[in-house]
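Take a look at the structure below.
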Amino acid sequence: MSAFPATRLRRLRRTGALRALVGEARVELADVVMPYFVGTEALPNEALPAMSRHTVDGLVREVDGLASAGVPAVILFGIPGEKDDEGSGAWDENGIVQQALRALRERFPELLLLTDVCLCEYTAHGHCGVLAGGEVDNDATLELLARTSVSHVEAGADAVCPSDMMDGRVGAIRHALDEAGFHLTPIVAYSAKYASAFYGPFRDAADSAPAFGDRRGYQMDPANVREALRECELDLAEGADVIMVKPALPYLDVIRAVHERFDVPVAAYNVSGEYAMVKAAAARGWLDERQAALESLTAIKRAGADIVITYWAEELASWL
Ligand code: PBG
């Protein structure tokens with residue numbers, strides 16, 4: 001290729017139409033998922049609107065706007081009225097997520113309903129599984145996650161997303177779904193989920209901060225990428241249909257590595273702290289929220305994500 005002046009890369013950057021024509025990664029509404037928090041009482045959050053908690057009725061109203069804006073999918077998180085040591089609200093057939101699923105399923109037959117499967121919002125101690133001797137008991141937790149998954153699908157979920165990071169949970173859930181006749185329900189596994197400080201605003205919204213200790217005994221060490229590939233490999237062997245990397249922005253290299261290694265759809269979760277950082281800076285006039293959000297989401301797609309879970313999903317509909 002001849003060098004300057006014959007080659008001028010600015011030629012293709014001159015107009016919006018040219019840039020769009022040659023653009024590589026693109027954020028599309030069809031690829032995004034909007035998270036929602038549903039509880040027995042509403043808990044609005046003005047600074048971080050997407051971190052608000054809704055009642056079932058309130059959620060139906062919210063989703064009305066979202067679905068008419070063209071967002072194809074939601075992921076639900078439930079905050080039960082009562083918590084206990086086992087997290088039994090998670091698989092209660094009249095639990096908060098199950099109620100929300102029934103209400104949404106009836107009202108929005110086309111909308112994709114995903115659910116987060118984890119015990120941390122339901123346990124009194126806030127850990128993602130049941131405890132034994134002050135530690136999270138991996139194998140005792142598996143059956144509870146499987147039960148929770150089946151109850152979500154019975155209530156109308158299109159896919160379940162285990163986020164607990166117990167070893168063997170994808171296999172346990174796949175087996176339970178198949179036994180219940182749900183062979184066609186996909187599992188979107190939070191495979192490479194890191195022990196991250198960026199979940200802070202979520203834990204306030206979901207009331208799910210651990211009462212003691214932290215999650216480093218089960219979530220991944222931020223230092224590791226090869227281990228992320230092992231997590232994905234195991235989840236796929238156990239029957240995961242989609243693998244996820246979470247958080248997204250500090251882990252773009254992990255998204256890229258996972259995308260290159262595995263020929264399956266890759267999801268990335270642009271988490272609450274990533275959303276909150278931009279919101280906080282924008283509130284001070286330091287960043288333009290729309291530009292910063294679009295750039296973040298484009299970068300996540302460029303890194304190799306096929307699906308992006310983002311608190312900007314609804315606004316994105318008006319931005320694109
Ligand atoms: C449940 C779960 C968490 C998030 C998604 N599922 C919190 C955690 O692991 O502590 C975080 C999402 C976000 O921060 O937006 N285990």
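Going through the structure tokens in order, the chains are called A, B, and so on, while each chain numbers its residues from 1 and the ligands are numbered from 1 in the order shown.
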
Could you pull out the residues sitting within 10 Å of ligand 1, using only C-alpha atoms and all ligand atoms, and write them as a PyMOL selection string? chain A and resi 35+50-51+75-77+115-121+126-129+161-165+190+193-210+214-215+218-219+246-247+269-276+309-311

What residues in range 48-125 of chain A get the DSSP label strand (DSSP E or B)? Please answer as a PyMOL selection string. chain A and resi 53-54+73-79+84+112-117+123

Deliver the residues from the most recent selection as a file, using N, CA, C and O atoms, as a PDB file, in the first residue's frame.
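part.pdb, freshly written:
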ATOM      1  N   ARG A  53     -36.340   0.382  42.417  1.00  0.00           N
ATOM      2  CA  ARG A  53     -37.037  -0.871  42.647  1.00  0.00           C
ATOM      3  C   ARG A  53     -38.518  -0.646  42.352  1.00  0.00           C
ATOM      4  O   ARG A  53     -39.068   0.386  42.730  1.00  0.00           O
ATOM      5  N   HIS A  54     -39.152  -1.602  41.663  1.00  0.00           N
ATOM      6  CA  HIS A  54     -40.560  -1.466  41.282  1.00  0.00           C
ATOM      7  C   HIS A  54     -41.413  -2.540  41.936  1.00  0.00           C
ATOM      8  O   HIS A  54     -40.936  -3.648  42.170  1.00  0.00           O
ATOM      9  N   ALA A  73     -35.578  -7.382  25.278  1.00  0.00           N
ATOM     10  CA  ALA A  73     -35.374  -8.307  26.397  1.00  0.00           C
ATOM     11  C   ALA A  73     -35.165  -7.591  27.721  1.00  0.00           C
ATOM     12  O   ALA A  73     -34.621  -6.487  27.769  1.00  0.00           O
ATOM     13  N   VAL A  74     -35.582  -8.266  28.798  1.00  0.00           N
ATOM     14  CA  VAL A  74     -35.335  -7.767  30.157  1.00  0.00           C
ATOM     15  C   VAL A  74     -34.710  -8.904  30.971  1.00  0.00           C
ATOM     16  O   VAL A  74     -34.864 -10.078  30.640  1.00  0.00           O
ATOM     17  N   ILE A  75     -33.982  -8.516  32.026  1.00  0.00           N
ATOM     18  CA  ILE A  75     -33.532  -9.503  33.011  1.00  0.00           C
ATOM     19  C   ILE A  75     -34.028  -9.030  34.367  1.00  0.00           C
ATOM     20  O   ILE A  75     -33.880  -7.855  34.714  1.00  0.00           O
ATOM     21  N   LEU A  76     -34.670  -9.935  35.088  1.00  0.00           N
ATOM     22  CA  LEU A  76     -35.319  -9.565  36.352  1.00  0.00           C
ATOM     23  C   LEU A  76     -34.523  -9.998  37.578  1.00  0.00           C
ATOM     24  O   LEU A  76     -33.969 -11.106  37.622  1.00  0.00           O
ATOM     25  N   PHE A  77     -34.499  -9.095  38.554  1.00  0.00           N
ATOM     26  CA  PHE A  77     -33.916  -9.360  39.866  1.00  0.00           C
ATOM     27  C   PHE A  77     -35.009  -9.136  40.896  1.00  0.00           C
ATOM     28  O   PHE A  77     -35.695  -8.109  40.847  1.00  0.00           O
ATOM     29  N   GLY A  78     -35.166 -10.054  41.836  1.00  0.00           N
ATOM     30  CA  GLY A  78     -36.237  -9.924  42.822  1.00  0.00           C
ATOM     31  C   GLY A  78     -35.699  -9.611  44.203  1.00  0.00           C
ATOM     32  O   GLY A  78     -34.636 -10.096  44.592  1.00  0.00           O
ATOM     33  N   ILE A  79     -36.432  -8.782  44.930  1.00  0.00           N
ATOM     34  CA  ILE A  79     -36.113  -8.513  46.331  1.00  0.00           C
ATOM     35  C   ILE A  79     -37.345  -8.959  47.121  1.00  0.00           C
ATOM     36  O   ILE A  79     -38.406  -8.340  47.041  1.00  0.00           O
ATOM     37  N   ASP A  84     -34.445 -15.435  54.424  1.00  0.00           N
ATOM     38  CA  ASP A  84     -34.099 -16.439  55.435  1.00  0.00           C
ATOM     39  C   ASP A  84     -32.729 -17.029  55.111  1.00  0.00           C
ATOM     40  O   ASP A  84     -32.079 -16.616  54.141  1.00  0.00           O
ATOM     41  N   LEU A 112     -38.659 -10.905  25.523  1.00  0.00           N
ATOM     42  CA  LEU A 112     -37.837 -11.966  26.099  1.00  0.00           C
ATOM     43  C   LEU A 112     -37.667 -11.714  27.587  1.00  0.00           C
ATOM     44  O   LEU A 112     -37.188 -10.649  27.991  1.00  0.00           O
ATOM     45  N   LEU A 113     -38.052 -12.695  28.381  1.00  0.00           N
ATOM     46  CA  LEU A 113     -37.972 -12.560  29.835  1.00  0.00           C
ATOM     47  C   LEU A 113     -36.828 -13.431  30.355  1.00  0.00           C
ATOM     48  O   LEU A 113     -36.924 -14.663  30.343  1.00  0.00           O
ATOM     49  N   LEU A 114     -35.756 -12.779  30.776  1.00  0.00           N
ATOM     50  CA  LEU A 114     -34.625 -13.488  31.368  1.00  0.00           C
ATOM     51  C   LEU A 114     -34.677 -13.274  32.876  1.00  0.00           C
ATOM     52  O   LEU A 114     -35.168 -12.238  33.336  1.00  0.00           O
ATOM     53  N   THR A 115     -34.168 -14.239  33.631  1.00  0.00           N
ATOM     54  CA  THR A 115     -34.114 -14.032  35.080  1.00  0.00           C
ATOM     55  C   THR A 115     -32.718 -14.311  35.595  1.00  0.00           C
ATOM     56  O   THR A 115     -32.023 -15.207  35.100  1.00  0.00           O
ATOM     57  N   ASP A 116     -32.312 -13.532  36.571  1.00  0.00           N
ATOM     58  CA  ASP A 116     -31.063 -13.783  37.276  1.00  0.00           C
ATOM     59  C   ASP A 116     -31.345 -14.883  38.293  1.00  0.00           C
ATOM     60  O   ASP A 116     -32.325 -14.802  39.030  1.00  0.00           O
ATOM     61  N   VAL A 117     -30.510 -15.912  38.294  1.00  0.00           N
ATOM     62  CA  VAL A 117     -30.691 -16.990  39.265  1.00  0.00           C
ATOM     63  C   VAL A 117     -29.539 -16.940  40.258  1.00  0.00           C
ATOM     64  O   VAL A 117     -28.388 -17.187  39.900  1.00  0.00           O
ATOM     65  N   THR A 123     -31.183 -14.490  50.686  1.00  0.00           N
ATOM     66  CA  THR A 123     -30.633 -14.996  51.951  1.00  0.00           C
ATOM     67  C   THR A 123     -30.454 -13.849  52.940  1.00  0.00           C
ATOM     68  O   THR A 123     -30.063 -12.744  52.557  1.00  0.00           O
TER      69      THR A 123
END

Show me, as JSON, numbers by chain, the residues that have an atom within 12 Å of range 295-302 of chain A when counting only C-alpha atoms, minus same-chain residues fewer than 5 positions from it. {"A": [23, 24, 25, 26, 27, 28, 29, 31, 32, 245, 246, 247, 248, 249, 250, 251, 252, 253, 254, 255, 256, 259, 265, 266, 267, 268, 269, 270, 271, 274, 275, 277, 278, 287, 288, 289, 290, 307, 308, 309, 310, 311, 312, 313, 316, 320]}

Gap from CA of Ile187 in chain A to CA of Leu104 in chain A - Å, one decimal: 19.9 Å

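For the choices A:Glu62, A:Glu314, A:Glu93, A:Asp85, the atom-to-atom distance to Ser151 in chain A is smallest for A:Glu93 when using only C-alpha atoms.
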
Within range 70-253 of chain A, find each residue whose DSSP state, derived from the backbone, is helix (DSSP H, G or I), and express the selection as a PyMOL selection string. chain A and resi 88-90+96-107+138-154+169-179+197-206+226-237+249-253

Residue neighbourhood Ala69 in chain A, 8 Å, only C-alpha atoms, exclusion window fewer than 3 positions, as a list in words: Gly65, Leu66, Glu314, Ala317 and Ser318 of chain A

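In this structure, CA of Glu143 in chain A sits 20.3 Å away from CA of Asp158 in chain A.
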
If you count only C-alpha atoms, which residues fall within 12 Å of Gly58 in chain A, apart from same-chain ones fewer than 2 positions away, as a compact mmCIF listing (two decimals) with N, CA, C and O atoms, in the first residue's frame?
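Final output, result_14.txt:
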# COMPACT_ATOMS: atom_id res chain seq x y z
N TYR A 36 -34.11 -5.08 35.53
CA TYR A 36 -35.13 -4.47 36.39
C TYR A 36 -35.12 -5.11 37.78
O TYR A 36 -34.92 -6.33 37.89
N PHE A 37 -35.40 -4.27 38.76
CA PHE A 37 -35.50 -4.75 40.15
C PHE A 37 -36.96 -4.73 40.56
O PHE A 37 -37.62 -3.69 40.44
N VAL A 38 -37.45 -5.85 41.03
CA VAL A 38 -38.85 -5.91 41.44
C VAL A 38 -38.93 -6.37 42.89
O VAL A 38 -38.23 -7.31 43.30
N GLY A 39 -39.74 -5.65 43.67
CA GLY A 39 -39.85 -5.96 45.09
C GLY A 39 -41.26 -5.74 45.59
O GLY A 39 -42.16 -5.37 44.81
N THR A 40 -41.46 -5.96 46.88
CA THR A 40 -42.81 -5.80 47.44
C THR A 40 -43.15 -4.32 47.62
O THR A 40 -44.31 -3.95 47.69
N GLU A 41 -42.10 -3.48 47.73
CA GLU A 41 -42.35 -2.03 47.79
C GLU A 41 -41.48 -1.31 46.79
O GLU A 41 -40.36 -1.74 46.51
N ALA A 42 -41.99 -0.19 46.28
CA ALA A 42 -41.21 0.60 45.33
C ALA A 42 -40.13 1.37 46.08
O ALA A 42 -40.32 1.76 47.23
N LEU A 43 -38.99 1.55 45.44
CA LEU A 43 -37.90 2.33 46.04
C LEU A 43 -37.23 3.12 44.91
O LEU A 43 -36.30 2.64 44.27
N PRO A 44 -37.78 4.34 44.66
CA PRO A 44 -37.26 5.11 43.54
C PRO A 44 -35.83 5.58 43.79
O PRO A 44 -35.43 5.76 44.94
N SER A 52 -33.85 1.88 40.34
CA SER A 52 -35.07 1.95 41.14
C SER A 52 -35.68 0.56 41.29
O SER A 52 -35.54 -0.28 40.41
N ARG A 53 -36.34 0.38 42.42
CA ARG A 53 -37.04 -0.87 42.65
C ARG A 53 -38.52 -0.65 42.35
O ARG A 53 -39.07 0.39 42.73
N HIS A 54 -39.15 -1.60 41.66
CA HIS A 54 -40.56 -1.47 41.28
C HIS A 54 -41.41 -2.54 41.94
O HIS A 54 -40.94 -3.65 42.17
N THR A 55 -42.68 -2.22 42.16
CA THR A 55 -43.63 -3.27 42.51
C THR A 55 -43.98 -3.98 41.20
O THR A 55 -43.60 -3.51 40.12
N VAL A 56 -44.72 -5.06 41.29
CA VAL A 56 -45.08 -5.78 40.06
C VAL A 56 -45.88 -4.86 39.13
O VAL A 56 -45.60 -4.78 37.92
N VAL A 60 -44.77 -3.47 35.36
CA VAL A 60 -45.55 -3.63 34.13
C VAL A 60 -45.63 -2.28 33.39
O VAL A 60 -45.46 -2.22 32.17
N ARG A 61 -45.83 -1.20 34.16
CA ARG A 61 -45.88 0.14 33.53
C ARG A 61 -44.55 0.51 32.90
O ARG A 61 -44.49 1.02 31.78
N GLU A 62 -43.45 0.26 33.62
CA GLU A 62 -42.12 0.55 33.10
C GLU A 62 -41.86 -0.21 31.80
O GLU A 62 -41.37 0.34 30.81
N VAL A 63 -42.17 -1.49 31.85
CA VAL A 63 -41.88 -2.36 30.72
C VAL A 63 -42.72 -1.98 29.50
O VAL A 63 -42.30 -2.16 28.35
N ASP A 64 -43.88 -1.41 29.76
CA ASP A 64 -44.71 -0.93 28.68
C ASP A 64 -43.93 0.05 27.80
O ASP A 64 -43.89 -0.07 26.57
N GLY A 65 -43.28 1.00 28.46
CA GLY A 65 -42.47 2.00 27.75
C GLY A 65 -41.29 1.34 27.05
O GLY A 65 -40.98 1.65 25.89
N ALA A 100 -43.91 -11.42 39.02
CA ALA A 100 -43.57 -10.47 37.95
C ALA A 100 -43.58 -11.16 36.59
O ALA A 100 -44.09 -10.62 35.59
N ALA A 103 -47.11 -11.70 35.37
CA ALA A 103 -47.73 -10.45 34.92
C ALA A 103 -47.16 -10.00 33.57
O ALA A 103 -47.90 -9.58 32.67
N LEU A 104 -45.86 -10.12 33.41
CA LEU A 104 -45.23 -9.66 32.16
C LEU A 104 -45.53 -10.61 31.01
O LEU A 104 -45.77 -10.18 29.88

With only C-alpha atoms counted and 9 Å as the cut-off, give the residues of range 189-266 of chain A in contact with range 171-180 of chain A, each with its shortest interatomic distance in Å and the pair that gives it, as a Markdown table.
| residue | atom | partner | partner_atom | distance |
| --- | --- | --- | --- | --- |
| A:Asp235 | CA | A:Gly171 | CA | 7.6 |
| A:Ala237 | CA | A:Gly171 | CA | 8.2 |
| A:Glu238 | CA | A:Gly171 | CA | 4.5 |
| A:Gly239 | CA | A:Gly171 | CA | 6.3 |
| A:Ala240 | CA | A:Arg174 | CA | 8.0 |

Mind dumping the selected residues with N, CA, C and O atoms as a compact mmCIF listing (two decimals), in the first residue's frame?
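Written output follows (out-v3.txt):
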# COMPACT_ATOMS: atom_id res chain seq x y z
N ASP A 235 -18.61 -24.39 31.81
CA ASP A 235 -20.03 -24.08 31.67
C ASP A 235 -20.58 -24.62 30.35
O ASP A 235 -21.70 -25.14 30.30
N ALA A 237 -19.44 -27.19 28.70
CA ALA A 237 -19.49 -28.65 28.80
C ALA A 237 -20.73 -29.08 29.61
O ALA A 237 -21.30 -30.14 29.37
N GLU A 238 -21.14 -28.22 30.53
CA GLU A 238 -22.31 -28.55 31.35
C GLU A 238 -23.63 -28.16 30.68
O GLU A 238 -24.70 -28.39 31.22
N GLY A 239 -23.53 -27.48 29.53
CA GLY A 239 -24.75 -27.19 28.78
C GLY A 239 -25.13 -25.72 28.68
O GLY A 239 -26.27 -25.41 28.30
N ALA A 240 -24.23 -24.81 28.98
CA ALA A 240 -24.56 -23.38 28.82
C ALA A 240 -24.76 -23.07 27.34
O ALA A 240 -24.05 -23.60 26.48

Which one of A:Ile243, A:Ala292, A:Ala155, A:Ala211 sits closest to Asn94 in chain A if you count only C-alpha atoms? A:Ala155
